[in-house]
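Source file: coords_29.pdb; contents: PDB, C-alpha atoms.
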```pdb
ATOM      1  CA  MET V   1     247.315 129.447 201.251  1.00  0.00           C
ATOM      2  CA  ILE V   2     249.947 129.961 198.538  1.00  0.00           C
ATOM      3  CA  PRO V   3     252.429 127.053 198.368  1.00  0.00           C
ATOM      4  CA  LYS V   4     255.839 128.063 199.774  1.00  0.00           C
ATOM      5  CA  ILE V   5     257.834 127.464 196.595  1.00  0.00           C
ATOM      6  CA  LEU V   6     255.311 129.455 194.530  1.00  0.00           C
ATOM      7  CA  GLN V   7     255.599 132.351 197.006  1.00  0.00           C
ATOM      8  CA  LYS V   8     259.406 132.175 196.772  1.00  0.00           C
ATOM      9  CA  ILE V   9     259.228 132.378 192.967  1.00  0.00           C
ATOM     10  CA  MET V  10     256.855 135.352 193.247  1.00  0.00           C
ATOM     11  CA  ASP V  11     259.261 137.038 195.680  1.00  0.00           C
ATOM     12  CA  ASP V  12     262.144 136.414 193.263  1.00  0.00           C
ATOM     13  CA  PHE V  13     260.226 137.981 190.366  1.00  0.00           C
ATOM     14  CA  GLN V  14     259.475 141.068 192.490  1.00  0.00           C
ATOM     15  CA  LYS V  15     263.221 141.670 192.866  1.00  0.00           C
ATOM     16  CA  LEU V  16     263.348 142.466 189.138  1.00  0.00           C
ATOM     17  CA  PRO V  17     262.875 146.116 188.087  1.00  0.00           C
ATOM     18  CA  GLY V  18     259.335 146.986 187.025  1.00  0.00           C
ATOM     19  CA  ILE V  19     257.788 143.807 188.425  1.00  0.00           C
ATOM     20  CA  GLY V  20     255.157 144.388 191.082  1.00  0.00           C
ATOM     21  CA  GLU V  21     253.157 141.943 193.171  1.00  0.00           C
ATOM     22  CA  LYS V  22     250.434 141.285 190.568  1.00  0.00           C
ATOM     23  CA  THR V  23     252.876 140.758 187.692  1.00  0.00           C
ATOM     24  CA  ALA V  24     255.046 138.475 189.840  1.00  0.00           C
ATOM     25  CA  GLU V  25     251.972 136.418 190.731  1.00  0.00           C
ATOM     26  CA  ARG V  26     250.912 136.189 187.077  1.00  0.00           C
ATOM     27  CA  LEU V  27     254.403 135.094 185.962  1.00  0.00           C
ATOM     28  CA  ALA V  28     254.755 132.490 188.722  1.00  0.00           C
ATOM     29  CA  LEU V  29     251.325 131.041 187.958  1.00  0.00           C
ATOM     30  CA  PHE V  30     252.177 130.937 184.244  1.00  0.00           C
ATOM     31  CA  LEU V  31     255.336 128.956 185.011  1.00  0.00           C
ATOM     32  CA  VAL V  32     253.506 126.383 187.109  1.00  0.00           C
ATOM     33  CA  SER V  33     250.378 125.997 185.005  1.00  0.00           C
ATOM     34  CA  ASP V  34     251.260 126.806 181.373  1.00  0.00           C
ATOM     35  CA  MET V  35     254.892 125.805 180.868  1.00  0.00           C
ATOM     36  CA  ASP V  36     255.781 122.155 180.431  1.00  0.00           C
ATOM     37  CA  ASP V  37     258.594 120.521 182.401  1.00  0.00           C
ATOM     38  CA  GLU V  38     261.093 120.772 179.556  1.00  0.00           C
ATOM     39  CA  GLN V  39     260.536 124.527 179.173  1.00  0.00           C
ATOM     40  CA  ILE V  40     260.932 125.143 182.908  1.00  0.00           C
ATOM     41  CA  ILE V  41     264.139 123.079 183.058  1.00  0.00           C
ATOM     42  CA  SER V  42     265.516 124.977 180.063  1.00  0.00           C
ATOM     43  CA  PHE V  43     264.560 128.327 181.638  1.00  0.00           C
ATOM     44  CA  SER V  44     266.202 127.450 184.969  1.00  0.00           C
ATOM     45  CA  ASP V  45     269.313 126.198 183.148  1.00  0.00           C
ATOM     46  CA  HIS V  46     269.601 129.546 181.317  1.00  0.00           C
ATOM     47  CA  LEU V  47     269.361 131.407 184.628  1.00  0.00           C
ATOM     48  CA  LYS V  48     272.099 129.229 186.136  1.00  0.00           C
ATOM     49  CA  ARG V  49     274.393 129.743 183.137  1.00  0.00           C
ATOM     50  CA  LEU V  50     273.800 133.511 183.053  1.00  0.00           C
ATOM     51  CA  LYS V  51     276.293 134.390 185.778  1.00  0.00           C
ATOM     52  CA  SER V  52     278.920 131.824 184.793  1.00  0.00           C
ATOM     53  CA  GLU V  53     278.961 132.614 181.051  1.00  0.00           C
ATOM     54  CA  ILE V  54     278.513 136.391 180.948  1.00  0.00           C
ATOM     55  CA  LYS V  55     281.589 138.515 181.645  1.00  0.00           C
ATOM     56  CA  THR V  56     282.777 141.980 180.756  1.00  0.00           C
ATOM     57  CA  CYS V  57     284.905 142.733 177.730  1.00  0.00           C
ATOM     58  CA  PRO V  58     288.461 143.514 178.931  1.00  0.00           C
ATOM     59  CA  VAL V  59     288.667 146.448 176.498  1.00  0.00           C
ATOM     60  CA  CYS V  60     285.339 148.295 176.736  1.00  0.00           C
ATOM     61  CA  HIS V  61     283.598 146.602 179.718  1.00  0.00           C
ATOM     62  CA  MET V  62     280.554 145.594 177.647  1.00  0.00           C
ATOM     63  CA  LEU V  63     278.739 142.377 178.581  1.00  0.00           C
ATOM     64  CA  THR V  64     279.867 139.432 176.468  1.00  0.00           C
ATOM     65  CA  ASP V  65     280.212 135.664 176.422  1.00  0.00           C
ATOM     66  CA  ARG V  66     283.470 135.771 174.416  1.00  0.00           C
ATOM     67  CA  ASP V  67     287.041 136.950 174.999  1.00  0.00           C
ATOM     68  CA  LEU V  68     286.191 140.282 173.308  1.00  0.00           C
ATOM     69  CA  CYS V  69     282.720 141.721 172.735  1.00  0.00           C
ATOM     70  CA  ASP V  70     281.407 141.763 169.154  1.00  0.00           C
ATOM     71  CA  VAL V  71     282.053 145.519 168.776  1.00  0.00           C
ATOM     72  CA  CYS V  72     285.695 145.411 169.924  1.00  0.00           C
ATOM     73  CA  ALA V  73     286.346 142.308 167.825  1.00  0.00           C
ATOM     74  CA  ASP V  74     284.922 143.955 164.674  1.00  0.00           C
ATOM     75  CA  GLU V  75     287.960 145.238 162.741  1.00  0.00           C
ATOM     76  CA  THR V  76     285.763 147.302 160.408  1.00  0.00           C
ATOM     77  CA  ARG V  77     284.735 149.639 163.241  1.00  0.00           C
ATOM     78  CA  ASP V  78     286.614 152.871 163.940  1.00  0.00           C
ATOM     79  CA  GLN V  79     288.653 151.992 167.042  1.00  0.00           C
ATOM     80  CA  ASN V  80     289.671 155.647 167.454  1.00  0.00           C
ATOM     81  CA  GLN V  81     286.125 156.984 167.863  1.00  0.00           C
ATOM     82  CA  ILE V  82     284.960 156.052 171.365  1.00  0.00           C
ATOM     83  CA  MET V  83     281.429 156.593 172.636  1.00  0.00           C
ATOM     84  CA  VAL V  84     281.383 156.671 176.439  1.00  0.00           C
ATOM     85  CA  VAL V  85     278.209 155.318 178.058  1.00  0.00           C
ATOM     86  CA  ALA V  86     277.099 154.649 181.640  1.00  0.00           C
ATOM     87  CA  ASP V  87     276.210 150.964 181.318  1.00  0.00           C
ATOM     88  CA  ALA V  88     275.791 148.002 178.970  1.00  0.00           C
ATOM     89  CA  LYS V  89     272.080 148.557 178.320  1.00  0.00           C
ATOM     90  CA  ASP V  90     273.001 151.906 176.716  1.00  0.00           C
ATOM     91  CA  VAL V  91     275.146 150.023 174.192  1.00  0.00           C
ATOM     92  CA  PHE V  92     272.288 147.620 173.402  1.00  0.00           C
ATOM     93  CA  ILE V  93     269.994 150.584 172.691  1.00  0.00           C
ATOM     94  CA  LEU V  94     272.561 152.479 170.598  1.00  0.00           C
ATOM     95  CA  GLU V  95     273.443 149.390 168.551  1.00  0.00           C
ATOM     96  CA  LYS V  96     269.794 149.032 167.482  1.00  0.00           C
ATOM     97  CA  MET V  97     270.282 152.243 165.445  1.00  0.00           C
ATOM     98  CA  ASN V  98     272.705 150.327 163.254  1.00  0.00           C
ATOM     99  CA  SER V  99     274.395 153.571 162.186  1.00  0.00           C
ATOM    100  CA  TYR V 100     277.268 154.193 164.622  1.00  0.00           C
ATOM    101  CA  GLN V 101     280.529 152.649 163.417  1.00  0.00           C
ATOM    102  CA  GLY V 102     282.877 153.532 166.259  1.00  0.00           C
ATOM    103  CA  VAL V 103     283.449 151.620 169.499  1.00  0.00           C
ATOM    104  CA  TYR V 104     282.182 152.045 173.064  1.00  0.00           C
ATOM    105  CA  HIS V 105     283.474 152.381 176.589  1.00  0.00           C
ATOM    106  CA  VAL V 106     281.169 151.384 179.459  1.00  0.00           C
ATOM    107  CA  LEU V 107     281.843 153.386 182.620  1.00  0.00           C
ATOM    108  CA  GLY V 108     279.887 151.059 184.879  1.00  0.00           C
ATOM    109  CA  GLY V 109     277.782 153.878 186.331  1.00  0.00           C
ATOM    110  CA  LEU V 110     277.804 157.637 186.775  1.00  0.00           C
ATOM    111  CA  ILE V 111     279.373 159.952 189.337  1.00  0.00           C
ATOM    112  CA  ASP V 112     276.831 160.335 192.134  1.00  0.00           C
ATOM    113  CA  PHE V 113     278.203 161.878 195.322  1.00  0.00           C
ATOM    114  CA  SER V 114     274.885 161.362 197.140  1.00  0.00           C
ATOM    115  CA  ARG V 115     275.411 157.599 196.802  1.00  0.00           C
ATOM    116  CA  GLY V 116     279.166 157.766 197.377  1.00  0.00           C
ATOM    117  CA  ILE V 117     280.063 157.017 193.726  1.00  0.00           C
ATOM    118  CA  THR V 118     283.110 158.929 192.509  1.00  0.00           C
ATOM    119  CA  ASP V 119     285.279 158.691 189.393  1.00  0.00           C
ATOM    120  CA  LYS V 120     287.369 156.089 191.253  1.00  0.00           C
ATOM    121  CA  ASP V 121     284.386 153.706 191.131  1.00  0.00           C
ATOM    122  CA  LEU V 122     284.091 153.953 187.339  1.00  0.00           C
ATOM    123  CA  ASN V 123     286.114 152.392 184.499  1.00  0.00           C
ATOM    124  CA  ILE V 124     288.176 155.569 184.019  1.00  0.00           C
ATOM    125  CA  ASP V 125     291.703 154.096 184.118  1.00  0.00           C
ATOM    126  CA  SER V 126     291.067 151.813 181.149  1.00  0.00           C
ATOM    127  CA  LEU V 127     289.368 154.708 179.328  1.00  0.00           C
ATOM    128  CA  SER V 128     292.462 156.870 179.845  1.00  0.00           C
ATOM    129  CA  GLU V 129     294.592 154.199 178.198  1.00  0.00           C
ATOM    130  CA  ARG V 130     292.251 154.036 175.193  1.00  0.00           C
ATOM    131  CA  MET V 131     292.016 157.829 174.851  1.00  0.00           C
ATOM    132  CA  LYS V 132     295.763 158.033 174.143  1.00  0.00           C
ATOM    133  CA  HIS V 133     295.058 156.759 170.610  1.00  0.00           C
ATOM    134  CA  ALA V 134     291.552 158.162 170.029  1.00  0.00           C
ATOM    135  CA  HIS V 135     290.655 161.075 167.781  1.00  0.00           C
ATOM    136  CA  GLU V 136     287.123 161.565 169.148  1.00  0.00           C
ATOM    137  CA  MET V 137     285.315 160.925 172.409  1.00  0.00           C
ATOM    138  CA  ILE V 138     281.523 161.002 172.197  1.00  0.00           C
ATOM    139  CA  ILE V 139     280.006 161.462 175.649  1.00  0.00           C
ATOM    140  CA  ALA V 140     276.645 159.661 175.712  1.00  0.00           C
ATOM    141  CA  THR V 141     275.575 159.968 179.343  1.00  0.00           C
ATOM    142  CA  ASN V 142     271.989 160.827 180.324  1.00  0.00           C
ATOM    143  CA  GLY V 143     270.844 164.426 180.761  1.00  0.00           C
ATOM    144  CA  THR V 144     270.393 163.874 184.510  1.00  0.00           C
ATOM    145  CA  VAL V 145     272.409 165.694 187.183  1.00  0.00           C
ATOM    146  CA  GLU V 146     274.673 162.628 187.496  1.00  0.00           C
ATOM    147  CA  GLY V 147     275.016 162.284 183.714  1.00  0.00           C
ATOM    148  CA  GLU V 148     275.902 165.959 183.295  1.00  0.00           C
ATOM    149  CA  MET V 149     278.375 165.840 186.196  1.00  0.00           C
ATOM    150  CA  THR V 150     280.075 162.784 184.690  1.00  0.00           C
ATOM    151  CA  ALA V 151     280.155 164.419 181.237  1.00  0.00           C
ATOM    152  CA  LYS V 152     281.778 167.574 182.619  1.00  0.00           C
ATOM    153  CA  PHE V 153     284.311 165.500 184.535  1.00  0.00           C
ATOM    154  CA  LEU V 154     285.240 163.535 181.388  1.00  0.00           C
ATOM    155  CA  LYS V 155     285.540 166.732 179.355  1.00  0.00           C
ATOM    156  CA  SER V 156     287.845 168.332 181.941  1.00  0.00           C
ATOM    157  CA  LEU V 157     289.928 165.162 182.194  1.00  0.00           C
ATOM    158  CA  TYR V 158     290.539 164.662 178.471  1.00  0.00           C
ATOM    159  CA  GLU V 159     290.259 168.153 176.966  1.00  0.00           C
ATOM    160  CA  SER V 160     293.160 168.742 174.566  1.00  0.00           C
ATOM    161  CA  ASP V 161     293.976 170.229 171.175  1.00  0.00           C
ATOM    162  CA  THR V 162     294.290 166.800 169.563  1.00  0.00           C
ATOM    163  CA  LEU V 163     291.097 165.156 170.845  1.00  0.00           C
ATOM    164  CA  LYS V 164     287.641 166.067 169.588  1.00  0.00           C
ATOM    165  CA  ILE V 165     285.114 165.809 172.443  1.00  0.00           C
ATOM    166  CA  THR V 166     281.443 165.738 171.489  1.00  0.00           C
ATOM    167  CA  ARG V 167     278.213 165.197 173.414  1.00  0.00           C
ATOM    168  CA  LEU V 168     275.037 163.596 172.145  1.00  0.00           C
ATOM    169  CA  ALA V 169     272.511 166.287 171.271  1.00  0.00           C
ATOM    170  CA  SER V 170     269.558 166.721 173.572  1.00  0.00           C
ATOM    171  CA  GLY V 171     266.369 168.663 173.269  1.00  0.00           C
ATOM    172  CA  LEU V 172     263.011 168.203 171.579  1.00  0.00           C
ATOM    173  CA  PRO V 173     262.177 164.762 170.227  1.00  0.00           C
ATOM    174  CA  VAL V 174     260.940 164.438 166.649  1.00  0.00           C
ATOM    175  CA  GLY V 175     257.234 165.262 166.463  1.00  0.00           C
ATOM    176  CA  ALA V 176     257.193 167.038 169.833  1.00  0.00           C
ATOM    177  CA  ASP V 177     254.807 169.887 170.554  1.00  0.00           C
ATOM    178  CA  LEU V 178     256.504 172.897 172.174  1.00  0.00           C
ATOM    179  CA  LYS V 179     253.665 173.474 174.625  1.00  0.00           C
ATOM    180  CA  TYR V 180     254.276 170.052 176.240  1.00  0.00           C
ATOM    181  CA  ALA V 181     258.051 170.414 176.620  1.00  0.00           C
ATOM    182  CA  ASP V 182     259.543 171.273 180.002  1.00  0.00           C
ATOM    183  CA  GLU V 183     261.906 174.226 180.486  1.00  0.00           C
ATOM    184  CA  LEU V 184     265.083 172.123 180.635  1.00  0.00           C
ATOM    185  CA  THR V 185     264.217 170.308 177.388  1.00  0.00           C
ATOM    186  CA  LEU V 186     263.463 173.611 175.634  1.00  0.00           C
ATOM    187  CA  SER V 187     266.663 175.123 176.997  1.00  0.00           C
ATOM    188  CA  LYS V 188     268.700 172.187 175.666  1.00  0.00           C
ATOM    189  CA  ALA V 189     266.922 172.380 172.318  1.00  0.00           C
ATOM    190  CA  VAL V 190     267.850 176.066 171.930  1.00  0.00           C
ATOM    191  CA  GLU V 191     271.416 175.424 173.146  1.00  0.00           C
ATOM    192  CA  ASN V 192     271.917 172.505 170.706  1.00  0.00           C
ATOM    193  CA  ARG V 193     270.310 174.139 167.682  1.00  0.00           C
ATOM    194  CA  MET V 194     271.867 173.387 164.289  1.00  0.00           C
ATOM    195  CA  LYS V 195     272.100 175.227 160.980  1.00  0.00           C
ATOM    196  CA  TYR V 196     269.003 174.561 158.869  1.00  0.00           C
TER     197      TYR V 196
END
```
Any chance you could give the structure as structure tokens?
Amino acid sequence: MIPKILQKIMDDFQKLPGIGEKTAERLALFLVSDMDDEQIISFSDHLKRLKSEIKTCPVCHMLTDRDLCDVCADETRDQNQIMVVADAKDVFILEKMNSYQGVYHVLGGLIDFSRGITDKDLNIDSLSERMKHAHEMIIATNGTVEGEMTAKFLKSLYESDTLKITRLASGLPVGADLKYADELTLSKAVENRMKY
């Protein structure tokens, strides 16, 4: 009953994270019934150009459409303070704060032995080169098992008297009620407590 091309578009939408069958159907129907030809052509052109124009920054591995990403190209940023993140979307989130003035290094994932991902699969070699001149490494991996394992690996790899290694604080979010916090969150909150 559904035209073949419409079903193919719906199937394509379902390949995206967070898009289920109903949402895919709604999006496909919106494209065919509410968007004019010019908008659809423009949208499809953007999708085609996405893979050919986006590349990774040769310094930090962030997504960019230039020779260097905007952060690495910004000479006002502290090139010796490197925040290490798992992937590019972490950088997008952190940059929205508009308060960090150092640079980033995108690992391209986290160590996950269950999926066969080791440090050899991450952007560690280029990080090692950058750490030779850095004064601080900020480890900004998630508080998951994989994030903690990667953080511990990085700390053991770069620990020295001349390099300051820090980790993003974790614990209770602002406005949280203690009775709704899980044990791990409370444990991290106590562990990362600060002078008041």
(request) Considering all atoms listed in the file, return as JSON, numbers by chain whatever protein or nucleic-acid residues lie within 10 Å of Thr64 of chain V, sequence-local ones (same chain, fewer than 5 positions apart) excluded. (result) {"V": [53, 54, 55, 56, 57, 58, 69, 70, 88]}
(message) (291.9, 168.8, 172.5) in this file's frame - what residues fall within 12 Å of it? Use all atoms listed in the file and give the answer as an MDAnalysis selection string.
(response) chainID V and resid 131:132 134:137 155:166
(message) On this structure, the PyMOL selection byres ((chain V and resi 142) around 12) would catch which residues? List them as JSON, numbers by chain, sorted by chain and number.
(response) {"V": [84, 85, 86, 87, 90, 109, 110, 111, 139, 140, 141, 143, 144, 145, 146, 147, 148, 149, 150, 151, 167, 168, 169, 170, 171]}
(request) Run the PyMOL selection byres ((chain V and resi 125) around 12) mentally over the shown coordinates, then write out the matched residues as a PyMOL selection string, using the chain letters and numbers from the document. (result) chain V and resi 59-61+105-107+119-124+126-132+154+157
(request) Using all atoms listed in the file, pick whichever of V:Met62, V:Met97, V:Val103, V:Ile138 has the shortest atom-to-atom distance to Gln79 of chain V. (result)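 The closest residue to Gln79 of chain V is V:Val103.
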